[in-house]
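Heads up, the thing below is written out as structure tokens.
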Amino acid sequence: MLDIRRIREHPEEARERLAARGAGDEAKIADVLALDEQRRRMLGEAESLKAQRNRVSKEIGALMAQKRADEAASRRAEMREIGDRISALDREATEAEASRDQLLLRIPNLPHATVPAGRTATENPVVRTWGEMPSFSFEPKDHVALCEAGRWIDFARGAKLSGSGFLLYTAWGARLERGLIQFLLDLHVREHGYTEVSPPFIISRDCMIGVGQFPKFEDQAYAVQEGLDAATLGKLFLLPTAEAPVANIHRDEVLRECQLPIRYVAYSPCFRAEAGAAGVGTRGMIRVHQFDKVELISVVQPEQGYLEHEKLVGDAERVLQKLGLHYRVVLLCTGDMGFTSAKTYDIEVWAPGQRQYLEVSSCSNCEDYQARRMNCRYKAETGENRFPHILNGSGTALARLFVALVERYQQADGSVVLPEALRPYVGADRLPPVAS
């Protein structure tokens, strides 16, 4: 969440930067400040009354020593009234603080000063491109035709098993998916210096709040119920991305500065209910309810946050470079950024069969926004506790990487030649053509 002191000291800056997002959240600043002022006023009055109570307590002691019991009893009666008022003020201050913090949980992060103003993805500037768009001597097919012909994915049976938006990888398709996951993990561990972790796939509400999924996006989550116990529904959730558990590893901890930077990489399936997308609406693998992803998480000192951001993007780009896939990097404008992000780069890979770029990685610096929500701090060398910057990036996401790969390397006979880097992981140099 946002730093209340920063809002208190620079309210117009907060309003201006929130207004750049175009969602109207700047209007909430007045309510936050009103609740904050109410809390501070209550606490101030309570502290004044507590000082008065302490002073009168000493006077009562003196009266008793002077054997002026009636006066002492009268003062005690006054103190009981003051005590009741203090309790009421403390309760009201706590309620105001809770209301303020609940409102803060619903306000997105402030865009960094280097983020361009804009409303939609059409206004995202292209930062750079890599490689060339492939050309074919034949009309390239899309991934659906390729996967159905090769029996690499059974779309119909996937829907039969779980409904629209779920996939059944089969034979060489399953081997390719598994090989891609292993390739991504090995690359980030061996060449980029991340520590591999394997998180739970069912996580608590606190994890979802910590990374900013809740309360705003609770309608897009898959909630879990334990057996027939309806009271457990909504306490645990299928993870939407490994970011949710991995970024929370150090929730409610105070790290030592010498432990930073911390870099984690994790594989997980990702579950997205995506409310309002009935039937998913896109044929094939582009938009599904369950997909695999390898996620990168960094925890660093604030001074290193944007240097780490560039490293994170470079690490994700390296995936596509090693696979020989043409891509572009775009900088998201203020209106297209995620809720928790202060600055985001998207990496979009070219998919010939789709004739469009597909996002396979989103790399964000959330600054101290998530750290505040999950109370993750580190003790600086100066002795003070500080909130670190927490960054996340897809390193990368499947199934869109799968789509781009099979569409880019398809051959006229329907087979798919695999890049050299993938062959040891799949155990073959190509996926066979049309299955018999």
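By order of appearance in the structure tokens: chains A, B, ..., then residues from 1 within every chain, and ligands from 1 in the order shown.
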
As a ChimeraX atom specification, please: every residue in range 161-311 of chain A that a backbone DSSP assignment puts in helix (DSSP H, G or I). /A:161-162,171-190,205-210,218-220,230-232,243-247,257-259,302-311

Could you save those same residues with N, CA and C atoms as a compact mmCIF listing (two decimals), in the first residue's frame?
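result_28.txt, freshly written:
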# COMPACT_ATOMS: atom_id res chain seq x y z
N LEU A 161 -12.84 -32.37 -19.64
CA LEU A 161 -12.37 -32.64 -18.29
C LEU A 161 -12.69 -31.50 -17.32
N SER A 162 -12.52 -30.25 -17.78
CA SER A 162 -12.60 -29.12 -16.84
C SER A 162 -13.42 -27.95 -17.33
N ALA A 171 1.34 -36.44 -25.46
CA ALA A 171 2.49 -36.94 -26.22
C ALA A 171 3.59 -35.88 -26.33
N TRP A 172 3.97 -35.52 -27.56
CA TRP A 172 5.07 -34.57 -27.75
C TRP A 172 4.73 -33.18 -27.21
N GLY A 173 3.46 -32.83 -27.18
CA GLY A 173 3.07 -31.54 -26.60
C GLY A 173 3.36 -31.48 -25.12
N ALA A 174 3.05 -32.59 -24.42
CA ALA A 174 3.34 -32.65 -22.99
C ALA A 174 4.84 -32.63 -22.74
N ARG A 175 5.60 -33.32 -23.60
CA ARG A 175 7.06 -33.32 -23.44
C ARG A 175 7.65 -31.93 -23.69
N LEU A 176 7.11 -31.22 -24.68
CA LEU A 176 7.59 -29.88 -24.96
C LEU A 176 7.28 -28.94 -23.81
N GLU A 177 6.07 -29.01 -23.27
CA GLU A 177 5.70 -28.15 -22.14
C GLU A 177 6.62 -28.41 -20.94
N ARG A 178 6.82 -29.68 -20.63
CA ARG A 178 7.70 -30.03 -19.51
C ARG A 178 9.14 -29.60 -19.79
N GLY A 179 9.59 -29.79 -21.02
CA GLY A 179 10.95 -29.38 -21.37
C GLY A 179 11.16 -27.88 -21.28
N LEU A 180 10.16 -27.12 -21.69
CA LEU A 180 10.25 -25.66 -21.59
C LEU A 180 10.37 -25.21 -20.13
N ILE A 181 9.58 -25.80 -19.26
CA ILE A 181 9.64 -25.44 -17.84
C ILE A 181 11.03 -25.70 -17.28
N GLN A 182 11.57 -26.89 -17.57
CA GLN A 182 12.90 -27.24 -17.06
C GLN A 182 13.98 -26.34 -17.64
N PHE A 183 13.87 -26.03 -18.93
CA PHE A 183 14.82 -25.12 -19.58
C PHE A 183 14.82 -23.75 -18.91
N LEU A 184 13.63 -23.23 -18.64
CA LEU A 184 13.52 -21.90 -18.02
C LEU A 184 14.13 -21.90 -16.62
N LEU A 185 13.82 -22.91 -15.82
CA LEU A 185 14.36 -22.98 -14.46
C LEU A 185 15.89 -23.08 -14.49
N ASP A 186 16.41 -23.95 -15.33
CA ASP A 186 17.87 -24.12 -15.39
C ASP A 186 18.56 -22.84 -15.84
N LEU A 187 17.99 -22.16 -16.82
CA LEU A 187 18.59 -20.92 -17.31
C LEU A 187 18.70 -19.88 -16.20
N HIS A 188 17.61 -19.68 -15.46
CA HIS A 188 17.62 -18.62 -14.45
C HIS A 188 18.44 -18.99 -13.22
N VAL A 189 18.54 -20.27 -12.92
CA VAL A 189 19.35 -20.69 -11.78
C VAL A 189 20.84 -20.69 -12.15
N ARG A 190 21.17 -21.31 -13.27
CA ARG A 190 22.57 -21.52 -13.62
C ARG A 190 23.24 -20.30 -14.22
N ARG A 205 -5.31 -16.06 2.14
CA ARG A 205 -5.80 -14.73 1.79
C ARG A 205 -4.72 -13.67 2.04
N ASP A 206 -3.92 -13.84 3.10
CA ASP A 206 -2.86 -12.88 3.40
C ASP A 206 -1.87 -12.76 2.25
N CYS A 207 -1.57 -13.88 1.61
CA CYS A 207 -0.66 -13.83 0.45
C CYS A 207 -1.27 -13.01 -0.68
N MET A 208 -2.57 -13.20 -0.90
CA MET A 208 -3.24 -12.47 -1.98
C MET A 208 -3.32 -10.98 -1.68
N ILE A 209 -3.53 -10.64 -0.42
CA ILE A 209 -3.54 -9.22 -0.03
C ILE A 209 -2.13 -8.64 -0.16
N GLY A 210 -1.13 -9.42 0.24
CA GLY A 210 0.24 -8.92 0.23
C GLY A 210 0.72 -8.48 -1.13
N GLU A 218 -10.58 -9.96 -6.18
CA GLU A 218 -11.05 -11.20 -5.58
C GLU A 218 -12.04 -11.93 -6.49
N ASP A 219 -12.74 -11.19 -7.35
CA ASP A 219 -13.72 -11.83 -8.23
C ASP A 219 -13.06 -12.64 -9.35
N GLN A 220 -11.72 -12.54 -9.47
CA GLN A 220 -11.01 -13.28 -10.51
C GLN A 220 -10.27 -14.50 -9.96
N ALA A 230 -18.31 -25.68 4.41
CA ALA A 230 -18.51 -24.40 3.72
C ALA A 230 -17.85 -23.23 4.45
N ALA A 231 -17.59 -23.38 5.73
CA ALA A 231 -16.96 -22.30 6.51
C ALA A 231 -15.52 -22.05 6.07
N THR A 232 -14.91 -23.02 5.40
CA THR A 232 -13.52 -22.85 4.96
C THR A 232 -13.41 -22.13 3.62
N GLU A 243 4.14 -15.46 -8.11
CA GLU A 243 4.44 -14.22 -7.41
C GLU A 243 3.76 -14.17 -6.06
N ALA A 244 2.50 -14.64 -6.01
CA ALA A 244 1.72 -14.51 -4.77
C ALA A 244 2.37 -15.21 -3.58
N PRO A 245 2.75 -16.50 -3.67
CA PRO A 245 3.44 -17.09 -2.52
C PRO A 245 4.89 -16.67 -2.38
N VAL A 246 5.62 -16.55 -3.50
CA VAL A 246 7.07 -16.33 -3.41
C VAL A 246 7.39 -14.93 -2.89
N ALA A 247 6.67 -13.92 -3.34
CA ALA A 247 6.91 -12.56 -2.84
C ALA A 247 6.60 -12.46 -1.36
N GLU A 257 20.38 -6.34 5.99
CA GLU A 257 20.72 -5.71 4.71
C GLU A 257 21.71 -6.56 3.91
N CYS A 258 22.58 -7.27 4.60
CA CYS A 258 23.56 -8.10 3.91
C CYS A 258 22.91 -9.28 3.18
N GLN A 259 21.64 -9.59 3.47
CA GLN A 259 20.94 -10.66 2.76
C GLN A 259 20.46 -10.22 1.38
N PRO A 302 15.99 -0.05 -1.87
CA PRO A 302 15.33 0.92 -2.76
C PRO A 302 16.28 1.57 -3.76
N GLU A 303 17.51 1.82 -3.33
CA GLU A 303 18.48 2.47 -4.23
C GLU A 303 18.83 1.59 -5.43
N GLN A 304 18.61 0.29 -5.30
CA GLN A 304 18.94 -0.66 -6.37
C GLN A 304 17.71 -1.08 -7.18
N GLY A 305 16.53 -0.55 -6.82
CA GLY A 305 15.29 -1.03 -7.40
C GLY A 305 15.24 -0.96 -8.92
N TYR A 306 15.65 0.16 -9.48
CA TYR A 306 15.50 0.32 -10.93
C TYR A 306 16.67 -0.28 -11.71
N LEU A 307 17.82 -0.43 -11.09
CA LEU A 307 18.88 -1.22 -11.70
C LEU A 307 18.45 -2.68 -11.77
N GLU A 308 17.84 -3.17 -10.69
CA GLU A 308 17.36 -4.55 -10.66
C GLU A 308 16.24 -4.75 -11.68
N HIS A 309 15.44 -3.72 -11.89
CA HIS A 309 14.36 -3.81 -12.87
C HIS A 309 14.91 -4.10 -14.26
N GLU A 310 15.97 -3.39 -14.62
CA GLU A 310 16.58 -3.62 -15.93
C GLU A 310 17.19 -5.01 -16.03
N LYS A 311 17.79 -5.49 -14.94
CA LYS A 311 18.33 -6.86 -14.94
C LYS A 311 17.21 -7.88 -15.14

Mind checking which residues fall within 6 Å of range 327-334 of chain A, counting only C-alpha atoms, ignoring those fewer than 6 positions away in the same chain, and posting them as a ChimeraX atom specification? /A:20-21,115-118,124-130,344-350

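Using only C-alpha atoms, the shortest contact distance between Asn365 in chain A and any of A:Leu431, A:Ile107, A:Leu391, A:Val426 is found at A:Leu391.
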
For Phe402 in chain A, which residue out of A:Leu236, A:Arg80, A:Tyr169, A:Arg318 is the nearest one, using only C-alpha atoms? A:Tyr169

If we count only C-alpha atoms and set the cut-off at 6 Å, which residues sit around Thr396 in chain A, ignoring sequence neighbours fewer than 4 positions away in its own chain? Please answer as a ChimeraX atom specification. /A:294,360-361

Store the residues of this selection in a file with N, CA and C atoms, as an mmCIF file, in the first residue's frame.
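For reference, selection07.cif as written:
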data_model
loop_
_atom_site.group_PDB
_atom_site.id
_atom_site.type_symbol
_atom_site.label_atom_id
_atom_site.label_comp_id
_atom_site.auth_asym_id
_atom_site.auth_seq_id
_atom_site.Cartn_x
_atom_site.Cartn_y
_atom_site.Cartn_z
ATOM 1 N N VAL A 294 6.991 -19.663 -15.218
ATOM 2 C CA VAL A 294 8.175 -19.572 -14.368
ATOM 3 C C VAL A 294 8.327 -18.104 -13.983
ATOM 4 N N VAL A 360 4.440 -12.401 -23.250
ATOM 5 C CA VAL A 360 4.910 -13.601 -22.547
ATOM 6 C C VAL A 360 5.615 -13.251 -21.242
ATOM 7 N N SER A 361 5.864 -11.968 -21.019
ATOM 8 C CA SER A 361 6.501 -11.559 -19.767
ATOM 9 C C SER A 361 6.102 -10.139 -19.428
#
